[in-house]
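Note: the block below is start_28.pdb and it holds PDB, C-alpha atoms, pLDDT in the B column.
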```pdb
ATOM      1  CA  MET B   9      -7.271   2.984  78.045  1.00 50.00           C
ATOM      2  CA  ALA B  10      -5.631   3.660  74.771  1.00 59.00           C
ATOM      3  CA  GLN B  11      -6.255   7.031  73.199  1.00 65.00           C
ATOM      4  CA  ARG B  12      -7.307   7.042  69.550  1.00 63.00           C
ATOM      5  CA  THR B  13      -5.738   9.503  67.222  1.00 65.00           C
ATOM      6  CA  GLU B  14      -7.868  11.829  65.138  1.00 64.00           C
ATOM      7  CA  LYS B  15      -6.904   9.943  61.973  1.00 62.00           C
ATOM      8  CA  GLU B  16      -8.117   6.613  63.380  1.00 63.00           C
ATOM      9  CA  GLU B  17     -11.481   8.090  64.396  1.00 62.00           C
ATOM     10  CA  THR B  18     -12.226   9.606  60.993  1.00 64.00           C
ATOM     11  CA  GLU B  19     -10.743   6.795  58.933  1.00 62.00           C
ATOM     12  CA  PHE B  20     -13.109   4.808  56.725  1.00 58.00           C
ATOM     13  CA  LYS B  21     -13.070   1.178  57.768  1.00 59.00           C
ATOM     14  CA  VAL B  22     -12.952  -1.275  54.859  1.00 57.00           C
ATOM     15  CA  PRO B  23     -13.493  -4.969  55.592  1.00 58.00           C
ATOM     16  CA  GLU B  24     -10.449  -7.159  55.131  1.00 64.00           C
ATOM     17  CA  THR B  25     -12.136  -9.697  52.868  1.00 73.00           C
ATOM     18  CA  MET B  26     -14.673  -8.601  50.311  1.00 76.00           C
ATOM     19  CA  THR B  27     -16.865 -11.407  49.042  1.00 81.00           C
ATOM     20  CA  LEU B  28     -18.269 -11.370  45.559  1.00 84.00           C
ATOM     21  CA  CYS B  29     -21.951 -11.788  44.861  1.00 88.00           C
ATOM     22  CA  VAL B  30     -23.144 -15.399  45.005  1.00 87.00           C
ATOM     23  CA  ASN B  31     -24.785 -14.969  41.577  1.00 88.00           C
ATOM     24  CA  ASN B  32     -21.353 -14.349  40.020  1.00 85.00           C
ATOM     25  CA  CYS B  33     -22.347 -10.972  38.614  1.00 87.00           C
ATOM     26  CA  GLY B  34     -18.974  -9.434  39.453  1.00 84.00           C
ATOM     27  CA  LEU B  35     -20.213  -7.029  42.108  1.00 86.00           C
ATOM     28  CA  ILE B  36     -19.435  -7.186  45.807  1.00 85.00           C
ATOM     29  CA  GLY B  37     -21.921  -9.017  48.007  1.00 84.00           C
ATOM     30  CA  ASN B  38     -23.186  -7.930  51.393  1.00 83.00           C
ATOM     31  CA  PRO B  39     -23.471 -10.397  54.299  1.00 82.00           C
ATOM     32  CA  ALA B  40     -26.757  -8.757  55.330  1.00 82.00           C
ATOM     33  CA  THR B  41     -28.284  -9.690  51.953  1.00 85.00           C
ATOM     34  CA  ASP B  42     -27.052 -13.308  51.923  1.00 84.00           C
ATOM     35  CA  ASN B  43     -23.816 -12.302  50.135  1.00 85.00           C
ATOM     36  CA  MET B  44     -25.730 -10.904  47.165  1.00 87.00           C
ATOM     37  CA  CYS B  45     -25.246  -7.498  45.606  1.00 89.00           C
ATOM     38  CA  GLN B  46     -28.093  -5.017  45.916  1.00 86.00           C
ATOM     39  CA  ASN B  47     -29.374  -5.624  42.357  1.00 88.00           C
ATOM     40  CA  CYS B  48     -29.478  -9.414  42.740  1.00 90.00           C
ATOM     41  CA  PHE B  49     -31.093  -9.156  46.171  1.00 88.00           C
ATOM     42  CA  THR B  50     -33.923  -6.916  44.982  1.00 88.00           C
ATOM     43  CA  ALA B  51     -34.474  -9.121  41.925  1.00 89.00           C
ATOM     44  CA  ALA B  52     -34.570 -12.249  44.096  1.00 88.00           C
ATOM     45  CA  THR B  53     -36.931 -10.759  46.671  1.00 86.00           C
ATOM     46  CA  THR B  54     -39.353  -9.420  44.060  1.00 84.00           C
ATOM     47  CA  ALA B  55     -39.333 -12.812  42.361  1.00 80.00           C
ATOM     48  CA  ALA B  56     -39.955 -14.530  45.705  1.00 76.00           C
ATOM     49  CA  VAL B  57     -42.822 -12.170  46.519  1.00 74.00           C
ATOM     50  CA  ALA B  58     -44.402 -12.772  43.105  1.00 72.00           C
ATOM     51  CA  VAL B  59     -44.115 -16.546  43.523  1.00 71.00           C
ATOM     52  CA  ALA B  60     -45.420 -16.418  47.105  1.00 67.00           C
ATOM     53  CA  GLY B  61     -48.313 -14.189  46.055  1.00 63.00           C
ATOM     54  CA  SER B  62     -49.397 -16.476  43.212  1.00 61.00           C
ATOM     55  CA  SER B  63     -49.172 -19.711  45.187  1.00 53.00           C
ATOM     56  CA  SER B  64     -51.469 -20.540  48.072  1.00 45.00           C
ATOM     57  CA  GLN B  65     -48.653 -21.583  50.417  1.00 46.00           C
ATOM     58  CA  SER B  66     -48.628 -19.837  53.774  1.00 44.00           C
ATOM     59  CA  SER B  67     -44.873 -20.111  54.269  1.00 44.00           C
ATOM     60  CA  ILE B  68     -42.561 -17.598  52.629  1.00 44.00           C
ATOM     61  CA  SER B  69     -39.999 -19.205  50.367  1.00 44.00           C
ATOM     62  CA  THR B  70     -36.365 -18.130  50.411  1.00 46.00           C
ATOM     63  CA  PRO B  71     -35.058 -16.348  47.329  1.00 46.00           C
ATOM     64  CA  SER B  72     -33.588 -18.757  44.836  1.00 46.00           C
ATOM     65  CA  ARG B  73     -29.968 -18.275  43.899  1.00 46.00           C
ATOM     66  CA  SER B  74     -28.955 -18.866  40.339  1.00 44.00           C
ATOM     67  CA  LEU B  75     -25.226 -19.342  39.952  1.00 44.00           C
ATOM     68  CA  ASN B  76     -24.609 -18.451  36.328  1.00 45.00           C
ATOM     69  CA  LYS B  77     -27.235 -15.832  35.559  1.00 44.00           C
ATOM     70  CA  ARG B  78     -25.982 -12.304  35.007  1.00 47.00           C
ATOM     71  CA  SER B  79     -29.397 -11.110  33.859  1.00 46.00           C
ATOM     72  CA  ASP B  80     -30.620 -11.085  37.485  1.00 48.00           C
ATOM     73  CA  CYS B  81     -28.242  -8.236  38.279  1.00 52.00           C
ATOM     74  CA  SER B  82     -29.445  -5.888  35.565  1.00 51.00           C
ATOM     75  CA  PRO B  83     -31.666  -3.081  36.807  1.00 49.00           C
ATOM     76  CA  PRO B  84     -35.339  -3.387  35.908  1.00 49.00           C
ATOM     77  CA  LYS B  85     -36.121  -1.822  32.565  1.00 51.00           C
ATOM     78  CA  THR B  86     -39.158   0.341  32.163  1.00 51.00           C
ATOM     79  CA  THR B  87     -40.403   1.377  28.796  1.00 51.00           C
ATOM     80  CA  THR B  88     -42.486   4.458  28.459  1.00 52.00           C
ATOM     81  CA  SER B  89     -44.197   5.225  25.233  1.00 49.00           C
ATOM     82  CA  PRO B  90     -44.785   8.861  24.313  1.00 51.00           C
ATOM     83  CA  ARG B  91     -48.459   8.139  23.713  1.00 50.00           C
ATOM     84  CA  ALA B  92     -48.993   6.821  27.259  1.00 50.00           C
ATOM     85  CA  ALA B  93     -47.242   9.816  28.807  1.00 51.00           C
ATOM     86  CA  GLY B  94     -49.374  12.262  26.826  1.00 55.00           C
ATOM     87  CA  THR B  95     -52.714  10.719  27.810  1.00 65.00           C
ATOM     88  CA  GLU B  96     -52.164  11.193  31.557  1.00 67.00           C
ATOM     89  CA  LYS B  97     -54.287  14.065  32.791  1.00 72.00           C
ATOM     90  CA  LYS B  98     -53.302  16.251  35.724  1.00 74.00           C
ATOM     91  CA  VAL B  99     -55.919  16.799  38.363  1.00 77.00           C
ATOM     92  CA  VAL B 100     -56.359  20.523  38.919  1.00 81.00           C
ATOM     93  CA  ASN B 101     -57.907  21.477  42.238  1.00 88.00           C
ATOM     94  CA  ARG B 102     -60.567  24.097  41.596  1.00 92.00           C
ATOM     95  CA  CYS B 103     -63.213  25.683  43.769  1.00 92.00           C
ATOM     96  CA  SER B 104     -66.647  24.199  43.111  1.00 90.00           C
ATOM     97  CA  GLY B 105     -68.259  27.614  43.557  1.00 89.00           C
ATOM     98  CA  CYS B 106     -66.134  29.973  41.453  1.00 92.00           C
ATOM     99  CA  LYS B 107     -63.820  27.520  39.578  1.00 92.00           C
ATOM    100  CA  LYS B 108     -60.750  29.318  40.912  1.00 92.00           C
ATOM    101  CA  ARG B 109     -57.573  27.252  41.286  1.00 93.00           C
ATOM    102  CA  VAL B 110     -57.026  26.495  44.946  1.00 92.00           C
ATOM    103  CA  GLY B 111     -53.950  24.234  44.867  1.00 88.00           C
ATOM    104  CA  LEU B 112     -52.975  23.062  48.329  1.00 89.00           C
ATOM    105  CA  THR B 113     -55.061  25.675  50.129  1.00 90.00           C
ATOM    106  CA  GLY B 114     -58.418  24.176  49.172  1.00 92.00           C
ATOM    107  CA  PHE B 115     -60.975  23.280  51.814  1.00 92.00           C
ATOM    108  CA  ARG B 116     -63.036  20.065  51.667  1.00 92.00           C
ATOM    109  CA  CYS B 117     -66.580  20.539  52.851  1.00 92.00           C
ATOM    110  CA  ARG B 118     -68.643  17.797  54.478  1.00 91.00           C
ATOM    111  CA  CYS B 119     -70.702  17.685  51.310  1.00 90.00           C
ATOM    112  CA  GLY B 120     -67.564  16.373  49.569  1.00 90.00           C
ATOM    113  CA  GLU B 121     -66.757  19.385  47.370  1.00 91.00           C
ATOM    114  CA  LEU B 122     -63.562  21.455  47.299  1.00 92.00           C
ATOM    115  CA  PHE B 123     -63.796  25.205  47.903  1.00 93.00           C
ATOM    116  CA  CYS B 124     -61.603  28.289  48.068  1.00 93.00           C
ATOM    117  CA  ALA B 125     -61.297  30.481  51.166  1.00 92.00           C
ATOM    118  CA  ASP B 126     -64.292  32.587  50.104  1.00 92.00           C
ATOM    119  CA  HIS B 127     -66.691  29.651  49.585  1.00 91.00           C
ATOM    120  CA  ARG B 128     -65.520  27.250  52.308  1.00 90.00           C
ATOM    121  CA  TYR B 129     -68.378  27.959  54.719  1.00 91.00           C
ATOM    122  CA  SER B 130     -71.699  26.183  54.218  1.00 88.00           C
ATOM    123  CA  ASP B 131     -73.662  29.450  53.989  1.00 90.00           C
ATOM    124  CA  ARG B 132     -71.379  30.692  51.170  1.00 89.00           C
ATOM    125  CA  HIS B 133     -72.035  27.748  48.846  1.00 89.00           C
ATOM    126  CA  ASP B 134     -75.034  25.584  48.122  1.00 89.00           C
ATOM    127  CA  CYS B 135     -74.177  22.893  50.642  1.00 90.00           C
ATOM    128  CA  SER B 136     -76.136  19.663  50.458  1.00 90.00           C
ATOM    129  CA  TYR B 137     -74.973  18.464  53.891  1.00 91.00           C
ATOM    130  CA  ASP B 138     -77.705  18.640  56.535  1.00 92.00           C
ATOM    131  CA  TYR B 139     -76.013  19.881  59.685  1.00 92.00           C
ATOM    132  CA  LYS B 140     -79.229  20.048  61.732  1.00 94.00           C
ATOM    133  CA  THR B 141     -80.167  16.410  61.220  1.00 95.00           C
ATOM    134  CA  VAL B 142     -76.651  15.205  61.963  1.00 94.00           C
ATOM    135  CA  GLY B 143     -76.543  17.370  65.110  1.00 95.00           C
ATOM    136  CA  ARG B 144     -79.875  16.012  66.325  1.00 94.00           C
ATOM    137  CA  GLU B 145     -78.741  12.436  65.753  1.00 94.00           C
ATOM    138  CA  ALA B 146     -75.482  13.058  67.623  1.00 94.00           C
ATOM    139  CA  ILE B 147     -77.307  14.556  70.611  1.00 93.00           C
ATOM    140  CA  ALA B 148     -79.813  11.693  70.667  1.00 91.00           C
ATOM    141  CA  ARG B 149     -77.022   9.143  70.470  1.00 91.00           C
ATOM    142  CA  GLU B 150     -74.923  10.743  73.240  1.00 92.00           C
ATOM    143  CA  ASN B 151     -77.815  11.553  75.584  1.00 90.00           C
ATOM    144  CA  PRO B 152     -80.161   8.584  75.892  1.00 82.00           C
ATOM    145  CA  VAL B 153     -83.604   9.122  77.382  1.00 81.00           C
ATOM    146  CA  VAL B 154     -83.697   8.269  81.067  1.00 82.00           C
ATOM    147  CA  LYS B 155     -87.069   7.239  82.481  1.00 82.00           C
ATOM    148  CA  ALA B 156     -87.676   6.690  86.135  1.00 81.00           C
ATOM    149  CA  ALA B 157     -89.568   3.623  87.262  1.00 83.00           C
ATOM    150  CA  LYS B 158     -93.209   4.301  88.011  1.00 83.00           C
ATOM    151  CA  ILE B 159     -94.150   4.474  91.652  1.00 82.00           C
ATOM    152  CA  ILE B 160     -97.339   2.695  92.600  1.00 82.00           C
ATOM    153  CA  LYS B 161     -99.451   4.890  94.847  1.00 82.00           C
ATOM    154  CA  VAL B 162    -101.261   3.208  97.699  1.00 77.00           C
TER
END
```
For the structure just supplied, provide its representation as structure tokens.
Amino acid sequence: MAQRTEKEETEFKVPETMTLCVNNCGLIGNPATDNMCQNCFTAATTAAVAVAGSSSQSSISTPSRSLNKRSDCSPPKTTTSPRAAGTEKKVVNRCSGCKKRVGLTGFRCRCGELFCADHRYSDRHDCSYDYKTVGREAIARENPVVKAAKIIKV
């Protein structure tokens, strides 16, 4: 067996031939993505998913390759207006009993409300969940009534 030198083990291996993207965008294509660059591949797959989702065909179509379109390789542009960003409201987790901020340490009760550590128990807040009825139903469901067959006396 041939011993490898330390330089050969840590050396970055570059492929001998680098193929350009099939959409002629000027970037280097990857054989795992059908010789497309990452931008063209994501654009083609999102377009194929949108077409497959809108049509009623059950087979998935392959991404179409346009040869002279450089616009496919541009990253998707998102426009955010300052008005839309200002109207978003943050959800602040507060205790339903004392209105104290609880953050990540809040406790959800079975009644559906969020409580702090002081009000998390059902006897500490006005809980609308009926534990007794649910317990009775669970016991009745898990322990069915067993009746013995009647014996006819002679």
Which residues match the PyMOL selection byres ((chain B and resi 104-119) around 7) in the file above, as a JSON list (two decimals) with C-alpha atoms, in the coordinates of the input?
```json
[["chain", "number", "residue", "atom", "x", "y", "z"],
["B", 101, "ASN", "CA", -57.91, 21.48, 42.24],
["B", 102, "ARG", "CA", -60.57, 24.10, 41.60],
["B", 103, "CYS", "CA", -63.21, 25.68, 43.77],
["B", 120, "GLY", "CA", -67.56, 16.37, 49.57],
["B", 121, "GLU", "CA", -66.76, 19.39, 47.37],
["B", 122, "LEU", "CA", -63.56, 21.46, 47.30],
["B", 123, "PHE", "CA", -63.80, 25.20, 47.90],
["B", 124, "CYS", "CA", -61.60, 28.29, 48.07],
["B", 127, "HIS", "CA", -66.69, 29.65, 49.58],
["B", 128, "ARG", "CA", -65.52, 27.25, 52.31],
["B", 133, "HIS", "CA", -72.04, 27.75, 48.85],
["B", 135, "CYS", "CA", -74.18, 22.89, 50.64],
["B", 136, "SER", "CA", -76.14, 19.66, 50.46],
["B", 137, "TYR", "CA", -74.97, 18.46, 53.89]]
```
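The gap separating atom CA of Lys140 of chain B from atom CA of Val154 of chain B is 23.1 Å, in Å to one decimal.
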Report, in Å with one decimal, the straight-line distance from atom CA of Cys48 of chain B to atom CA of Cys29 of chain B.
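Answer for the atom CA of Cys48 of chain B to atom CA of Cys29 of chain B separation: 8.2 Å.
One distance worth recording is that between atom CA of Pro39 of chain B and atom CA of Met26 of chain B, which is 9.8 Å.
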Spatial neighbours of Leu35 of chain B, 12 Å, all atoms listed in the file, chain gap at least 2 places, as an MDAnalysis selection string
chainID B and resid 26:33 37:38 43:49 78 81:82
